[in-house]
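Here the structure is laid out as structure tokens; the discussion comes afterwards.
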Amino acid sequence: MTPLRLRHGLLAILLLMGVWQSVLPVAAQVRDEVTLGVFAYRPEPVIRERYAPLADYLSQESGVQVRLEVLTQEELTRSLAANRVDFFLTNPSHFLLIRSERSLTGVLATVIRSWNGQSTGSIGGVILARQERDDINTLKDLRNKSIATPGVHYLGGYQTQALELLDAGLDIQRGNRIVRLGNHDRVVKAVLAGDADVGFVRTGIYEDLFRESPGLAGELKVINRQELRGYPFVLSTRLYPEWPLVSLPHVDSRVVRRIASALFALEPEHPAARAAELSGFSPPADYQSVEELARRLRVAPYDQVPRVTWLDVLNQYRYWVAAVAVLVILLAMTSLWLGRKKRQLVVEERRQRTLIASWPQPMLMLREGVLIDCNRAAVDLVRYSSESSLLGKSLTAFSPFVQPGGTPSMQKAESLLAKVMRGEVVQSEWLFVRSDGSEVWVDMTLAPVQEPGSGAPSVLCAWYDISRRKNAEERQRLALRVFENAREAIFITDAHGAIIDINDAYTNITGFERDQAVGSMPPMPLDEGSSILVVAREHGVWSGEFASGRQSGEAVVLNLTLSSVFDESGALSHFVGVFSDITRLKDTERKLRTMAHYDALTGLPNRVLFSDRLQQSMAQARRQNYSLAVLYIDLDQFKPVNDAFGHGAGDALLVEVSRRMRATLREEDTLARLGGDEFSAIVVNIAGEAALQQLLFRLLEAIAEPAWVADHSVEVSASIGYTLYPQASELDGDQLLRQADQAMYRAKRAGKNRYCKFSDAVS
């Protein structure tokens with residue numbers, strides 16, 4: 001091959017690779033398989049054994065094949081860069097590092113660990129040393145000691161311990177020898193072998209290894225052990241949020257929602273949860289504390305010292321610079337102000353009077369409790385004709401006799417003015433009555449004003465109309481009363497569906513008290529689950545009926561309407577649900593359906609249901625090409641029994657005969673009571689007329705057996721007529737039933753206690 005052809009070939013390969021890389025994100029959106037990358041903080045076989053059931057669970061629940069990849073930090077970073085991973089689960093510190101290097105859509109869920117029946121969504125660090133090391137007992141004893149760690153980007157395996165030691169005065173990044181071993185198991189082995197003085201591991205590792213090797217309890221000890229009630233693991237540090245599960249931007253949003261729904265639906269008892277030692281997944285936690293930790297330790301992605309410029313310094317101390325500048329300006333203006341003080345006072349007084357007169361907010365001046373001046377806005381607020389209509393009157397002149405709080409208006413006004421006379425500025429809500437009789441609420445501020453040449457100070461009074469606010473408050477109180485006293489159950493959730501408030505009816509219907517319900521999910525259909533939140537978010541509302549259960553386990557049927565609530569920016573903020581218990585209504589509907597389609601005495605289908613089933617059986621016979629028989633059964637000698645022993649005995653005999661016939665027929669056959677002592681049956685999928693006649697013979701025998709009713713043994717027989725379908729001409733169900741009826745009468749005329757085919761009857 002010539003060099004020119006070789007170059008052309010290489011260029012073609014590179015071009016194809018570029019095209020392939022450009023379509024990778026698109027392909028990722030439409031493929032039926034996604035990859036879940038899990039950080040291997042322990043040996044790869046251990047992690048794979050734990051998380052393989054979780055991948056299988058997600059595949060089953062989401063309908064998308066989830067492939068598990070167990071990767072080291074370096075392998076996971078490379079896989080993310082090459083878009084070979086769609087979801088990943090790693091420690092929070094590694095997540096921050098990945099987030100700083102590439103665009104992410106955010107945390108999908110946070111892991112909840114489980115150990116010995118206890119659950120936790122928090123992670124911390126453990127400091128281990130050999131039991132015989134008497135020189136290592138406290139954090140300060142770690143000075144100048146060698147430390148084994150999985151790596152500096154491990155939150156529980158390095159950073160939490162480093163921060164605790166930094167707070168204790170030890171900077172291990174400078175004063176200790178750090179040995180990075182790649183995973184937690186190697187750290188423990190290094191400590192046991194004496195290759196390191198102490199080891200840093202995350203919470204839960206000590207318990208895992210102790211379960212695998214119980215002898216470790218006598219060989220290792222925990223430094224700076226913390227005792228936290230309810231936390232299931234040994235601990236040496238403070239706690240931080242557990243591992244996040246993150247989706248990549250290139251993953252289709254529908255796949256993300258299905259995976260998220262499966263994650264939040266994972267129950268602690270599920271085999272996948274038990275295998276991974278999880279209680280499930282919670283909504284994303286706040287990882288701000290992990291960011292603060294990384295900043296304090298100056299580890300990636302916060303390991304770069306920012307450059308400081310003069311502009312930064314100026315921006316940092318801008319308030320001081322502005323204050324100094326203002327002081328300089330004030331000092332320069334003081335001399336001018338002192339020279340013109342008297343003239344400015346006069347001008348200021350005139351300006352204030354003009355300002356008050358034209359100010360849109362109502363302003364008034366009082367002296368000795370009487371109005372001496374006001375602006376136009378005050379006149380308009382109380383709807384009087386002019387300023388003179390108010391002057392010379394007290395505040396109580398256009399106030400109700402008693403304020404809403406129960407205090408007389410005159411007494412309350414005297415109390416406020418007394419405080420102002422002592423030099424105080426007071427503020428109070430006040431109700432006025434306008435000239436037209438309507439009421440207006442104001443926020444009233446009273447301040448003393450010392451005027452030249454007067455002894456006692458005047459009072460400057462400002463009103464601010466708060467009628468809308470008071471009306472809104474009243475509406476809120478009304479809404480609260482409706483919420484608390486409604487007979488329907490009402491709940492309010494956050495944007496993720498977790499309950500934040502319920503009313504009393506919710507407790508009455510479900511049995512859950514408020515402290516039990518808050519933080520949990522509301523009743524939802526089992527088949528749809530939290531997907532109704534998605535429907536309500538997209539369409540504004542979801543409504544439907546579904547079966548649920550009370551706290552006691554009693555089954556109920558609920559009618560739920562779930563509505564979305566959006567904030568001022570249009571973002572979803574809450575869900576509001578209203579549901580009622582319709583269990584009795586559903587029971588009534590079921591009883592009505594039973595009464596409409598079943599015989600009340602025997603419990604057999606009645607004529608209406610029989611006709612419907614006959615039509616269905618005929619259609620199925622045509623589709624599957626088999627024969628069926630329609631039987632018409634009439635009891636012989638039933639009337640004498642009914643007349644001799646009474647209707648009660650007759651009813652008991654009908655029930656017994658119905659039971660015998662139902663037991664003789666096959667499960668797929670239909671037996672119905674048409675009325676009185678007449679019955680009809682549909683025998684489907686007939687193997688042959690001989691087999692049908694054997695069945696008819698067994699029916700006659702079963703009916704003819706003596707029956708014990710009304711303390712007497714009675715005997716009845718039956719006459720049976722039957723016809724077959726399909727026939728040469730197409731017939732409907734009523735025609736078949738009439739044919740069988742005619743054949744039955746032929747059997748009665750022939751001597752009863754026998755069966756007769758329709759064709760025989762015709763001939």
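Chain identifiers are assigned as A, B, and so on, following the order in which chains appear in the structure tokens; residues are numbered from 1 within each chain, and ligands are numbered from 1 in order of appearance.
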
Please, which residues of stretch 230-295 of chain A, numbered as in this document, come out strand (DSSP E) from DSSP, as a PyMOL selection string? chain A and resi 240-241+244-247+278-282

Which residues come within 7 Å of A:Ala262, counting only C-alpha atoms, excluding same-chain residues fewer than 6 positions away, as a count of residues only? 3

Give me, as a PyMOL selection string, the residues of stretch 297-451 of chain A that a backbone DSSP run labels alpha helix (DSSP H). chain A and resi 297+310-316+318-339+341-358+376-381+409-421

Residues of the last selection are to be written out with C-alpha atoms, as a PDB file, in the first residue's frame.
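Result written to part-v5.pdb:
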```pdb
ATOM      1  CA  LEU A 297      -9.488  20.784  53.454  1.00  0.00           C
ATOM      2  CA  TRP A 310      -7.280  45.157  43.594  1.00  0.00           C
ATOM      3  CA  LEU A 311     -10.816  44.960  42.321  1.00  0.00           C
ATOM      4  CA  ASP A 312     -11.436  41.965  44.628  1.00  0.00           C
ATOM      5  CA  VAL A 313     -10.066  43.923  47.593  1.00  0.00           C
ATOM      6  CA  LEU A 314     -12.194  46.922  46.684  1.00  0.00           C
ATOM      7  CA  ASN A 315     -15.263  44.714  46.319  1.00  0.00           C
ATOM      8  CA  GLN A 316     -14.507  42.955  49.623  1.00  0.00           C
ATOM      9  CA  ARG A 318     -16.637  48.321  49.499  1.00  0.00           C
ATOM     10  CA  TYR A 319     -18.757  49.223  52.512  1.00  0.00           C
ATOM     11  CA  TRP A 320     -15.728  50.595  54.404  1.00  0.00           C
ATOM     12  CA  VAL A 321     -14.588  52.562  51.347  1.00  0.00           C
ATOM     13  CA  ALA A 322     -18.094  53.950  50.884  1.00  0.00           C
ATOM     14  CA  ALA A 323     -18.335  54.826  54.588  1.00  0.00           C
ATOM     15  CA  VAL A 324     -15.018  56.718  54.526  1.00  0.00           C
ATOM     16  CA  ALA A 325     -16.086  58.556  51.377  1.00  0.00           C
ATOM     17  CA  VAL A 326     -19.406  59.515  52.980  1.00  0.00           C
ATOM     18  CA  LEU A 327     -17.635  60.758  56.117  1.00  0.00           C
ATOM     19  CA  VAL A 328     -15.313  62.915  54.047  1.00  0.00           C
ATOM     20  CA  ILE A 329     -18.245  64.378  52.133  1.00  0.00           C
ATOM     21  CA  LEU A 330     -20.179  64.998  55.349  1.00  0.00           C
ATOM     22  CA  LEU A 331     -17.201  66.763  56.920  1.00  0.00           C
ATOM     23  CA  ALA A 332     -16.935  68.967  53.849  1.00  0.00           C
ATOM     24  CA  MET A 333     -20.636  69.795  53.930  1.00  0.00           C
ATOM     25  CA  THR A 334     -20.843  70.420  57.693  1.00  0.00           C
ATOM     26  CA  SER A 335     -19.404  73.904  57.511  1.00  0.00           C
ATOM     27  CA  LEU A 336     -21.875  74.864  54.757  1.00  0.00           C
ATOM     28  CA  TRP A 337     -24.763  73.331  56.680  1.00  0.00           C
ATOM     29  CA  LEU A 338     -23.947  75.172  59.907  1.00  0.00           C
ATOM     30  CA  GLY A 339     -23.920  78.539  58.059  1.00  0.00           C
ATOM     31  CA  LYS A 341     -28.980  76.139  59.341  1.00  0.00           C
ATOM     32  CA  LYS A 342     -31.628  78.711  60.205  1.00  0.00           C
ATOM     33  CA  ARG A 343     -32.730  79.260  56.610  1.00  0.00           C
ATOM     34  CA  GLN A 344     -32.828  75.542  55.929  1.00  0.00           C
ATOM     35  CA  LEU A 345     -35.087  74.956  58.928  1.00  0.00           C
ATOM     36  CA  VAL A 346     -37.642  77.380  57.539  1.00  0.00           C
ATOM     37  CA  VAL A 347     -37.405  75.918  54.051  1.00  0.00           C
ATOM     38  CA  GLU A 348     -37.630  72.398  55.472  1.00  0.00           C
ATOM     39  CA  GLU A 349     -40.747  73.195  57.472  1.00  0.00           C
ATOM     40  CA  ARG A 350     -42.437  74.646  54.392  1.00  0.00           C
ATOM     41  CA  ARG A 351     -41.346  71.712  52.305  1.00  0.00           C
ATOM     42  CA  GLN A 352     -42.620  69.206  54.839  1.00  0.00           C
ATOM     43  CA  ARG A 353     -46.010  70.847  54.975  1.00  0.00           C
ATOM     44  CA  THR A 354     -46.206  70.806  51.178  1.00  0.00           C
ATOM     45  CA  LEU A 355     -44.985  67.200  51.116  1.00  0.00           C
ATOM     46  CA  ILE A 356     -47.521  66.070  53.698  1.00  0.00           C
ATOM     47  CA  ALA A 357     -50.336  67.802  51.831  1.00  0.00           C
ATOM     48  CA  SER A 358     -49.427  66.111  48.527  1.00  0.00           C
ATOM     49  CA  ARG A 376     -56.169  64.992  50.939  1.00  0.00           C
ATOM     50  CA  ALA A 377     -55.271  61.285  51.073  1.00  0.00           C
ATOM     51  CA  ALA A 378     -56.649  61.066  54.640  1.00  0.00           C
ATOM     52  CA  VAL A 379     -59.928  62.692  53.572  1.00  0.00           C
ATOM     53  CA  ASP A 380     -60.279  60.297  50.626  1.00  0.00           C
ATOM     54  CA  LEU A 381     -59.548  57.232  52.770  1.00  0.00           C
ATOM     55  CA  SER A 409     -61.915  52.986  70.844  1.00  0.00           C
ATOM     56  CA  MET A 410     -61.649  55.932  73.258  1.00  0.00           C
ATOM     57  CA  GLN A 411     -59.691  53.936  75.832  1.00  0.00           C
ATOM     58  CA  LYS A 412     -57.309  52.565  73.201  1.00  0.00           C
ATOM     59  CA  ALA A 413     -56.741  56.035  71.664  1.00  0.00           C
ATOM     60  CA  GLU A 414     -55.964  57.585  75.072  1.00  0.00           C
ATOM     61  CA  SER A 415     -53.459  54.794  75.796  1.00  0.00           C
ATOM     62  CA  LEU A 416     -51.644  55.312  72.473  1.00  0.00           C
ATOM     63  CA  LEU A 417     -51.500  59.114  72.821  1.00  0.00           C
ATOM     64  CA  ALA A 418     -50.162  58.803  76.379  1.00  0.00           C
ATOM     65  CA  LYS A 419     -47.217  56.761  75.085  1.00  0.00           C
ATOM     66  CA  VAL A 420     -46.534  59.346  72.358  1.00  0.00           C
ATOM     67  CA  MET A 421     -46.532  62.157  74.951  1.00  0.00           C
TER      68      MET A 421
END
```

Name the closest residue to A:Val64 among the candidates A:Ala285, A:Leu628, A:Ile259, A:Leu96; distances are taken between atoms, counting only C-alpha atoms. A:Ile259
